[in-house]
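> One structure follows; several queries about it will come next.
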Protein chains: 2
Amino acid sequence: MSDRGTPIAERRSDEGMSKVARSDYSSVLERHLEALGAPATLPAVVCGMAGSRQGWQEARYLTIPAPLKDIVNRAVQVTGTRRDIRILPGLAQRDAARADVMRGEETQLLGALKDADQACLACLPGTHSKWARFMDGHISGFSSHMTGELFGLLATQSILRHAVGAGGNFDPADANFVDAVCEGFNHPAEITRMLFSLRASQLLFDRPQISGYARLSGLLIGCEIASARIEFAVPDLIHLIASGKLAGLYQSAFSALDMAVVPVDADAAVVAGLVIAARQYWPLSDRQDEMERMKS
Amino acid sequence: MSDRGTPIAERRSDEGMSKVARSDYSSVLERHLEALGAPATLPAVVCGMAGSRQGWQEARYLTIPAPLKDIVNRAVQVTGTRRDIRILPGLAQRDAARADVMRGEETQLLGALKDADQACLACLPGTHSKWARFMDGHISGFSSHMTGELFGLLATQSILRHAVGAGGNFDPADANFVDAVCEGFNHPAEITRMLFSLRASQLLFDRPQISGYARLSGLLIGCEIASARIEFAVPDLIHLIASGKLAGLYQSAFSALDMAVVPVDADAAVVAGLVIAARQYWPLSDRQDEMERMKS
């Protein structure tokens, strides 16, 4: 990280909780830092599943409502490592009727909402899309939606695979997608019927599979937005925290529904969140030496 | 079949469309009939996927609204066989916004509603549950719901598998199931959220997996019933055409929602439907000889 909070170097890998044993987290991190030429004294901030009970070291969920800044304050320091490593906690909504958890997205919220001075809603699309309400510096409520996982299962494992084929790319402005977003949004309570109807449409009207793929995506995203609208009072402002293809699809969906959004890049948001935490743990002046060494 | 329309003999196998090539349908049927000692002149009525385009011989969908008796009148006779074999058509709802198809369930409807003298609704739970409206001797509308398939995929392939475990049996009166039916029925538009919440509940409140299994089943069934209630004017009478475990679950669900149902055994309904067709094609007097031979 430069002193402006922008990345000096980046490494990505798929070595997540499902692939790394508890005892191997440290060596995985060290290997990546070494490849970047990071000094042994450089500290690290970690977010996501590494903080889960089955991860590296548990960073217990912060119960909401919680101040955004508590995500930084309530990190745990990893024990048994020479390096100073902090793991940020996830968030939990401990309401029996609306139980919910997140890990990783809270750091995106931290980065994306750092300058927010009014109540707003954030939408973070994904395998398990998250919606969060932000008010008076607090995360006051959130929900997770199985949109992405449902899409993947239905498109590849269910009878709908015959209606969507191998899928592929479609334009976010494609009418099949946009119309289905509106149908899902207007009739979310009929999703079990609308899903099967995708298959029947294709049988009866010889619809091309790519249109079925776009429609499946649209129906599920429309349903998710409808559910969030029921749950949260819709504020003037929705921060759409997304990257890549999902960003385009959700922007198109919100536009079709006449809902205004502020787009925020999800990758930039997580970096911004980690920087906020790092700056608090290790004020800039203390770390100038390490950074100079990395840059050189 | 006896002259009273009750089965003299029965054979079951899993040799359906997914396992049998078009050219093999005849030999599969002959093998089963031979095992029963059926004479070569005994005719046969077939329903289900054998009549699909990829099946034995296409029995084109009957477009609804259609008189129930047209299911019998519009059967196709299989060509190229010595035996007289008729395949009953499925039903299609050729409405672009509510496209739907069924094959097999129409024969259950035929058998279950043969004496119905008033408008009613039929619910046929399954992998793709069907709901059909019957009025003035016609099937006037129907819909399919992916309830059973969604349950199977979510319970075994999704993150919810951690919340439901290997599943197992639960009592249809189990409060986890009944409460979830009511939640699904009252908040069907929030299904994407409620599904993920199952996983979060288990993480936060250490719920046992068997309760997650019952809740997943209840949420999806509640959602399906809510969707059907939106689609169809709820009449005084719902015929629940189901067998085995599903019959118990749906009866419990309807009871929890204070909706009265007439239970109809699904296996008996399909036999009754086939008998109605057989009686019309081959009046009883003509077939007395063959039946006597089978009984002896």
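Identifiers in the structure tokens: chain A, B, ... in order shown; residue index from 1 per chain; ligand index from 1 in order shown.
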Going by DSSP on the backbone, which residues of region 12-45 of chain B come out as alpha helix (DSSP H)? List them as an MDAnalysis selection string.
chainID B and resid 25:35
> Which residues, written as number ranges by chain, have at least one atom at most 9 Å from Pro208 (chain A), with only C-alpha atoms counted and residues fewer than 4 positions away on the same chain left out?
A: 163-165, 202, 212
> Go ahead and dump the residues you just picked, N, CA and C atoms, as a PDB file, in the first residue's frame.

```pdb
ATOM      1  N   ALA A 163     -33.137 -25.271 -20.831  1.00  0.00           N
ATOM      2  CA  ALA A 163     -33.684 -23.996 -21.320  1.00  0.00           C
ATOM      3  C   ALA A 163     -32.610 -22.925 -21.448  1.00  0.00           C
ATOM      4  N   VAL A 164     -31.466 -23.130 -20.807  1.00  0.00           N
ATOM      5  CA  VAL A 164     -30.437 -22.083 -20.833  1.00  0.00           C
ATOM      6  C   VAL A 164     -29.150 -22.546 -21.522  1.00  0.00           C
ATOM      7  N   GLY A 165     -29.009 -23.834 -21.763  1.00  0.00           N
ATOM      8  CA  GLY A 165     -27.831 -24.345 -22.463  1.00  0.00           C
ATOM      9  C   GLY A 165     -26.557 -24.021 -21.718  1.00  0.00           C
ATOM     10  N   GLN A 202     -39.554 -22.481 -23.540  1.00  0.00           N
ATOM     11  CA  GLN A 202     -38.597 -22.936 -24.522  1.00  0.00           C
ATOM     12  C   GLN A 202     -39.162 -24.130 -25.299  1.00  0.00           C
ATOM     13  N   GLY A 212     -33.103 -17.799 -22.539  1.00  0.00           N
ATOM     14  CA  GLY A 212     -33.460 -18.426 -21.271  1.00  0.00           C
ATOM     15  C   GLY A 212     -32.432 -18.109 -20.193  1.00  0.00           C
TER      16      GLY A 212
END
```
> Select, from A:Val270, A:Leu246, A:Met194, A:Leu62, the residue with the minimum atom-to-atom distance to chain B, counting only C-alpha atoms.
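Answer, going by the shortest atom-to-atom distance: A:Met194.
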> Provide as a ChimeraX atom specification the residues of chain B at most 8 Å from chain A, counting only C-alpha atoms.
/B:92,94,96,98-101,128,143-147,149,153,157-158,187-198,200-201,204,223-224,226-228,230
> Residues as selected, N, CA and C atoms, written as a CSV table (one decimal), in the first residue's frame, can you do that?

```csv
chain,number,residue,atom,x,y,z
B,92,ALA,N,-50.8,-28.3,-22.4
B,92,ALA,CA,-50.0,-27.1,-22.6
B,92,ALA,C,-50.8,-25.8,-22.4
B,94,ARG,N,-50.5,-22.4,-23.6
B,94,ARG,CA,-49.7,-21.6,-24.6
B,94,ARG,C,-49.9,-20.1,-24.4
B,96,ALA,N,-47.8,-16.8,-23.5
B,96,ALA,CA,-46.4,-16.5,-23.5
B,96,ALA,C,-45.9,-16.1,-22.1
B,98,ARG,N,-47.3,-17.1,-19.2
B,98,ARG,CA,-47.4,-18.1,-18.2
B,98,ARG,C,-47.3,-19.5,-18.9
B,99,ALA,N,-46.4,-19.6,-19.8
B,99,ALA,CA,-46.2,-20.9,-20.5
B,99,ALA,C,-46.0,-22.0,-19.5
B,100,ASP,N,-46.7,-23.1,-19.8
B,100,ASP,CA,-46.5,-24.3,-18.9
B,100,ASP,C,-46.9,-25.6,-19.6
B,101,VAL,N,-46.4,-26.7,-19.1
B,101,VAL,CA,-46.7,-28.0,-19.7
B,101,VAL,C,-46.8,-29.0,-18.6
B,128,HIS,N,-41.7,-31.2,-9.8
B,128,HIS,CA,-42.3,-30.0,-10.3
B,128,HIS,C,-43.8,-30.1,-10.0
B,143,SER,N,-50.4,-24.4,-13.4
B,143,SER,CA,-49.0,-23.9,-13.3
B,143,SER,C,-48.1,-25.0,-12.6
B,144,SER,N,-46.8,-24.9,-12.9
B,144,SER,CA,-45.8,-25.9,-12.4
B,144,SER,C,-44.9,-25.1,-11.5
B,145,HIS,N,-44.5,-25.7,-10.4
B,145,HIS,CA,-43.6,-25.1,-9.4
B,145,HIS,C,-42.4,-26.0,-9.1
B,146,MET,N,-41.2,-25.4,-9.1
B,146,MET,CA,-40.0,-26.2,-9.0
B,146,MET,C,-39.7,-26.6,-7.6
B,147,THR,N,-40.7,-26.7,-6.7
B,147,THR,CA,-40.5,-27.0,-5.3
B,147,THR,C,-39.6,-28.1,-5.0
B,149,GLU,N,-37.6,-30.0,-6.9
B,149,GLU,CA,-36.3,-29.9,-7.5
B,149,GLU,C,-35.4,-28.9,-6.7
B,153,LEU,N,-31.9,-29.7,-4.8
B,153,LEU,CA,-30.7,-29.0,-5.1
B,153,LEU,C,-30.1,-28.3,-3.9
B,157,GLN,N,-26.7,-29.6,-2.7
B,157,GLN,CA,-25.7,-29.0,-3.5
B,157,GLN,C,-25.3,-27.6,-3.1
B,158,SER,N,-26.1,-27.0,-2.3
B,158,SER,CA,-25.9,-25.6,-2.0
B,158,SER,C,-25.3,-25.4,-0.6
B,187,HIS,N,-44.6,-14.7,3.4
B,187,HIS,CA,-43.6,-13.8,2.9
B,187,HIS,C,-42.9,-14.4,1.6
B,188,PRO,N,-43.7,-14.9,0.7
B,188,PRO,CA,-43.1,-15.6,-0.4
B,188,PRO,C,-42.1,-14.7,-1.2
B,189,ALA,N,-42.3,-13.4,-1.2
B,189,ALA,CA,-41.5,-12.5,-2.0
B,189,ALA,C,-40.1,-12.4,-1.4
B,190,GLU,N,-39.9,-12.9,-0.2
B,190,GLU,CA,-38.6,-12.8,0.4
B,190,GLU,C,-37.9,-14.1,0.5
B,191,ILE,N,-38.2,-15.0,-0.4
B,191,ILE,CA,-37.7,-16.4,-0.4
B,191,ILE,C,-36.1,-16.4,-0.5
B,192,THR,N,-35.6,-15.5,-1.4
B,192,THR,CA,-34.1,-15.5,-1.5
B,192,THR,C,-33.4,-15.2,-0.2
B,193,ARG,N,-34.0,-14.3,0.6
B,193,ARG,CA,-33.4,-14.0,1.9
B,193,ARG,C,-33.7,-15.1,2.9
B,194,MET,N,-34.9,-15.6,2.9
B,194,MET,CA,-35.3,-16.6,4.0
B,194,MET,C,-34.4,-17.9,3.8
B,195,LEU,N,-34.1,-18.2,2.6
B,195,LEU,CA,-33.3,-19.4,2.4
B,195,LEU,C,-31.9,-19.3,3.0
B,196,PHE,N,-31.2,-18.2,2.7
B,196,PHE,CA,-29.9,-18.0,3.3
B,196,PHE,C,-30.0,-17.9,4.8
B,197,SER,N,-31.1,-17.4,5.3
B,197,SER,CA,-31.2,-17.2,6.8
B,197,SER,C,-31.2,-18.6,7.5
B,198,LEU,N,-31.6,-19.6,6.8
B,198,LEU,CA,-31.6,-21.0,7.3
B,198,LEU,C,-30.2,-21.3,7.8
B,200,ALA,N,-27.7,-19.1,8.3
B,200,ALA,CA,-27.2,-18.2,9.3
B,200,ALA,C,-27.8,-18.6,10.7
B,201,SER,N,-29.1,-19.0,10.7
B,201,SER,CA,-29.7,-19.4,12.0
B,201,SER,C,-28.9,-20.6,12.6
B,204,LEU,N,-25.6,-19.1,14.0
B,204,LEU,CA,-25.7,-18.2,15.1
B,204,LEU,C,-26.4,-18.9,16.4
B,223,CYS,N,-44.1,-21.2,0.1
B,223,CYS,CA,-44.0,-20.4,-1.1
B,223,CYS,C,-44.8,-20.8,-2.3
B,224,GLU,N,-44.8,-22.1,-2.5
B,224,GLU,CA,-45.6,-22.7,-3.6
B,224,GLU,C,-47.1,-22.4,-3.4
B,226,ALA,N,-48.4,-20.1,-1.7
B,226,ALA,CA,-48.7,-18.7,-1.8
B,226,ALA,C,-48.8,-18.3,-3.3
B,227,SER,N,-47.9,-18.8,-4.1
B,227,SER,CA,-47.9,-18.5,-5.5
B,227,SER,C,-49.2,-19.0,-6.2
B,228,ALA,N,-49.6,-20.2,-5.8
B,228,ALA,CA,-50.8,-20.7,-6.4
B,228,ALA,C,-52.1,-19.9,-5.9
B,230,ILE,N,-52.1,-16.8,-5.3
B,230,ILE,CA,-52.1,-15.5,-6.1
B,230,ILE,C,-52.6,-15.8,-7.5
```
> If we count only C-alpha atoms, what is near Arg11 (chain B) at a cut-off of 10 Å, once residues fewer than 5 positions away on the same chain are taken out, given as JSON, numbers by chain?
{"B": [32, 33, 35, 36]}
> When you count only C-alpha atoms, which of these residues is closest to Lys114 (chain B): B:His162, B:Pro65, B:Ala277, B:Ala21?
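Ranked by minimum distance to Lys114 (chain B), first place goes to B:Ala277.
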> By how many Å are CA of Pro43 (chain A) and CA of Gln77 (chain A) apart?
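These atoms are spaced 10.6 Å apart.
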> Which residues, written as a PyMOL selection string, have at least one atom at most 7 Å from Gly141 (chain A), with only C-alpha atoms counted and residues fewer than 3 positions away on the same chain left out?
chain A and resi 64-65+132-133
